[in-house]
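S.K.: The structure under discussion is supplied below as structure tokens; questions concerning it will follow.
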Amino acid sequence: MNYKVTKLEPFGALVEPTEAQTSVNDLSIQALRDLFDEHQIVLLRGFSGVAESDDLVDFSERWGEVSVWPFGKVLELVEQDKPKDHIFDNTYVPMHWDGMYRPEVPEIQIFHCVRAPQHQDGGRTVFSHTPEVLRQATAEDLAKWSQVTGVYERKMEFYHSRTVAPLVTKHPTKDVSVIRYCEPPQHEDEDFLNHPDMSFEGVDKEELGEFLKNLQEQLYAEEVTYAHQWETGDIVISDNHTLLHGREAFVSGAGRHLRRVQVLGSPKVENPHLVFHSDTPAGV
């Protein structure tokens with residue numbers, strides 16, 4: 001063993017090298033996969049081997065087939081001077097699951113922190129463990145949630161898509177229920193770039209505000225939420241089928257820079273909720 005494992009709270013596993021200059025390429029993917037299956041998040045900290053984006057792709061391809069976007073295999077998550085979408089500015093990103101607008105839903109996200117902001121500058125990535133949310137919910141809440149379907153439409157540089165997803169649904173490969181939900185932006189103002197369109201069926205309009213407030217409180221509850229404070233060089237491997245994730249706002253100019261690669265499952269999971277999809281829509 002050239003690494004040690006420490007449990008994160010409330011879920012996840014931290015893997016650190018026991019020898020200097022240990023590369024991620026020295027690690028057994030099967031051993032990491034076992035940790036991933038048990039903990040849903042694996043944090044690799046202190047390892048070398050992913051200095052460039054191509055290195056990250058090489059490491060990710062050891063996990064499985066990498067999802068290819070119009071921009072390629074690596075998404076550069078960094079604040080832009082003139083962003084057209086909120087993922088490229090410094091505001092928060094609401095909870096969601098990756099691939100909700102794509103033909104195939106990735107099983108795994110692999111994030112690499114090229115440059116971390118100072119801790120006081122914000123920018124943590126927040127993960128919610130949805131099976132645990134369901135386990136802790138009351139019977140009344142479960143009954144309400146099981147009747148609700150989200151209708152989401154989003155148009156950005158890389159796609160224009162519409163997806164319709166039950167709030168509570170089955171995990172695509174495991175015998176467990178999960179939550180599939182895109183959180184409405186908390187601030188209905190001009191600071192939130194490229195607001196997605198969304199509505200919710202199965203709940204009365206006059207009850208919707210309180211319904212979503214209650215759901216949000218439970219998704220962000222301390223005992224089901226892991227908020228990752230980035231350190232430069234961190235690699236976070238997360239379970240997209242089980243978790244929802246989002247981003248806290250950070251100070252503009254803080255230099256926060258992540259790279260993200262998505263790994264498809266084996267077999268691939270075709271998006272069961274997608275009703276319309278078009279790559280790179282005209283006029284965006």
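In the structure tokens, the first chain shown is A, the next is B, and so on; residue numbers restart at 1 for each chain, and ligands run from 1 in the order shown.
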Considering only C-alpha atoms, return as a PDB file with N, CA, C and O atoms, in the first residue's frame whatever protein or nucleic-acid residues lie within 7 Å of Ile41 in chain A, sequence-local ones (same chain, fewer than 2 positions apart) excluded.

M.R.:
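Full text of result-v6.pdb as output:
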ATOM      1  N   GLY A  12     -17.591   9.924   2.219  1.00  0.00           N
ATOM      2  CA  GLY A  12     -16.418  10.133   1.382  1.00  0.00           C
ATOM      3  C   GLY A  12     -15.174   9.541   2.015  1.00  0.00           C
ATOM      4  O   GLY A  12     -15.136   9.227   3.215  1.00  0.00           O
ATOM      5  N   ALA A  13     -14.138   9.371   1.185  1.00  0.00           N
ATOM      6  CA  ALA A  13     -12.869   8.811   1.646  1.00  0.00           C
ATOM      7  C   ALA A  13     -11.722   9.673   1.136  1.00  0.00           C
ATOM      8  O   ALA A  13     -11.664  10.014  -0.052  1.00  0.00           O
ATOM      9  N   PHE A  36     -14.741   4.011  -3.976  1.00  0.00           N
ATOM     10  CA  PHE A  36     -15.782   4.809  -4.615  1.00  0.00           C
ATOM     11  C   PHE A  36     -17.155   4.180  -4.392  1.00  0.00           C
ATOM     12  O   PHE A  36     -18.122   4.857  -4.029  1.00  0.00           O
ATOM     13  N   HIS A  39     -18.028   4.692  -0.631  1.00  0.00           N
ATOM     14  CA  HIS A  39     -18.110   6.027  -0.041  1.00  0.00           C
ATOM     15  C   HIS A  39     -18.697   7.102  -0.964  1.00  0.00           C
ATOM     16  O   HIS A  39     -18.953   8.213  -0.507  1.00  0.00           O
ATOM     17  N   LEU A  43     -11.421  11.400  -2.465  1.00  0.00           N
ATOM     18  CA  LEU A  43     -10.555  12.565  -2.571  1.00  0.00           C
ATOM     19  C   LEU A  43      -9.105  12.102  -2.578  1.00  0.00           C
ATOM     20  O   LEU A  43      -8.639  11.491  -1.615  1.00  0.00           O
ATOM     21  N   VAL A 236     -11.015  14.999  -7.014  1.00  0.00           N
ATOM     22  CA  VAL A 236     -12.228  14.484  -6.387  1.00  0.00           C
ATOM     23  C   VAL A 236     -12.977  13.639  -7.407  1.00  0.00           C
ATOM     24  O   VAL A 236     -13.283  14.097  -8.509  1.00  0.00           O
ATOM     25  N   ILE A 237     -13.266  12.405  -7.027  1.00  0.00           N
ATOM     26  CA  ILE A 237     -13.992  11.455  -7.867  1.00  0.00           C
ATOM     27  C   ILE A 237     -15.350  11.242  -7.209  1.00  0.00           C
ATOM     28  O   ILE A 237     -15.421  10.789  -6.062  1.00  0.00           O
ATOM     29  N   SER A 238     -16.431  11.604  -7.907  1.00  0.00           N
ATOM     30  CA  SER A 238     -17.747  11.606  -7.274  1.00  0.00           C
ATOM     31  C   SER A 238     -18.762  10.811  -8.080  1.00  0.00           C
ATOM     32  O   SER A 238     -18.670  10.691  -9.301  1.00  0.00           O
ATOM     33  N   ASP A 239     -19.744  10.285  -7.368  1.00  0.00           N
ATOM     34  CA  ASP A 239     -20.775   9.393  -7.897  1.00  0.00           C
ATOM     35  C   ASP A 239     -21.963  10.227  -8.375  1.00  0.00           C
ATOM     36  O   ASP A 239     -22.792  10.667  -7.575  1.00  0.00           O
TER      37      ASP A 239
END

S.K.: Please provide the set of residues having any atom within 8 Å of Leu134 in chain A, restricted to only C-alpha atoms, with same-chain residues fewer than 4 positions apart removed, written as a JSON list (two decimals) with N, CA, C and O atoms, in the first residue's frame.

M.R.:
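Final output, selection_32.json:
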[["chain", "number", "residue", "atom", "x", "y", "z"],
["A", 130, "THR", "N", -28.19, 11.70, -1.80],
["A", 130, "THR", "CA", -29.65, 11.63, -1.91],
["A", 130, "THR", "C", -30.27, 10.36, -1.32],
["A", 130, "THR", "O", -31.38, 10.44, -0.76],
["A", 142, "LEU", "N", -41.83, 11.79, 1.99],
["A", 142, "LEU", "CA", -41.60, 10.81, 0.94],
["A", 142, "LEU", "C", -42.82, 10.67, 0.04],
["A", 142, "LEU", "O", -42.70, 10.56, -1.19],
["A", 177, "SER", "N", -33.19, 3.97, -4.20],
["A", 177, "SER", "CA", -33.83, 5.16, -4.76],
["A", 177, "SER", "C", -32.92, 6.37, -4.57],
["A", 177, "SER", "O", -32.17, 6.47, -3.59],
["A", 178, "VAL", "N", -33.00, 7.30, -5.53],
["A", 178, "VAL", "CA", -32.21, 8.52, -5.48],
["A", 178, "VAL", "C", -33.12, 9.69, -5.82],
["A", 178, "VAL", "O", -34.25, 9.53, -6.30],
["A", 179, "ILE", "N", -32.61, 10.90, -5.60],
["A", 179, "ILE", "CA", -33.32, 12.13, -5.97],
["A", 179, "ILE", "C", -32.66, 12.71, -7.21],
["A", 179, "ILE", "O", -31.44, 12.86, -7.25]]

S.K.: Find, counting only C-alpha atoms, the residue in A:Glu201, A:Asp141, A:Glu153, A:Asp98 that gets nearest to Leu243 in chain A.

M.R.: A:Asp98

S.K.: For each of A:Ser53, A:Asn271, A:Gln30, A:Thr149, take the minimum atom-to-atom distance to Phe111 in chain A, counting only C-alpha atoms, then give the residue where this is smallest.

M.R.: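 Looking only at the distances to Phe111 in chain A, the closest residue turns out to be A:Ser53.
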
S.K.: Which residue is closest to Asp175 in chain A? Choose from A:Glu107, A:Gln216, A:Val42, A:Thr242 and count only C-alpha atoms.

M.R.: A:Thr242

S.K.: Find, counting only C-alpha atoms, the residue in A:Met95, A:Ala51, A:Val126, A:Ala139 that gets nearest to Pro184 in chain A.

M.R.: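 For Pro184 in chain A, the nearest of the given residues is A:Met95.
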
S.K.: Using DSSP on the backbone coordinates, identify the residues of range 159-261 of chain A assigned to strand (DSSP E); present them as a VMD selection string.

M.R.: chain A and resid 159 to 166 168 to 170 177 to 179 197 to 201 225 to 228 235 to 239 243 to 247 257 to 261

S.K.: Apply DSSP to the structure's backbone, then extract all residues of range 33-238 of chain A labelled helix (DSSP H, G or I) and return them as a PyMOL selection string.

M.R.: chain A and resi 33-39+53-61+86-88+119-121+130-136+139-145+205-219+222-224
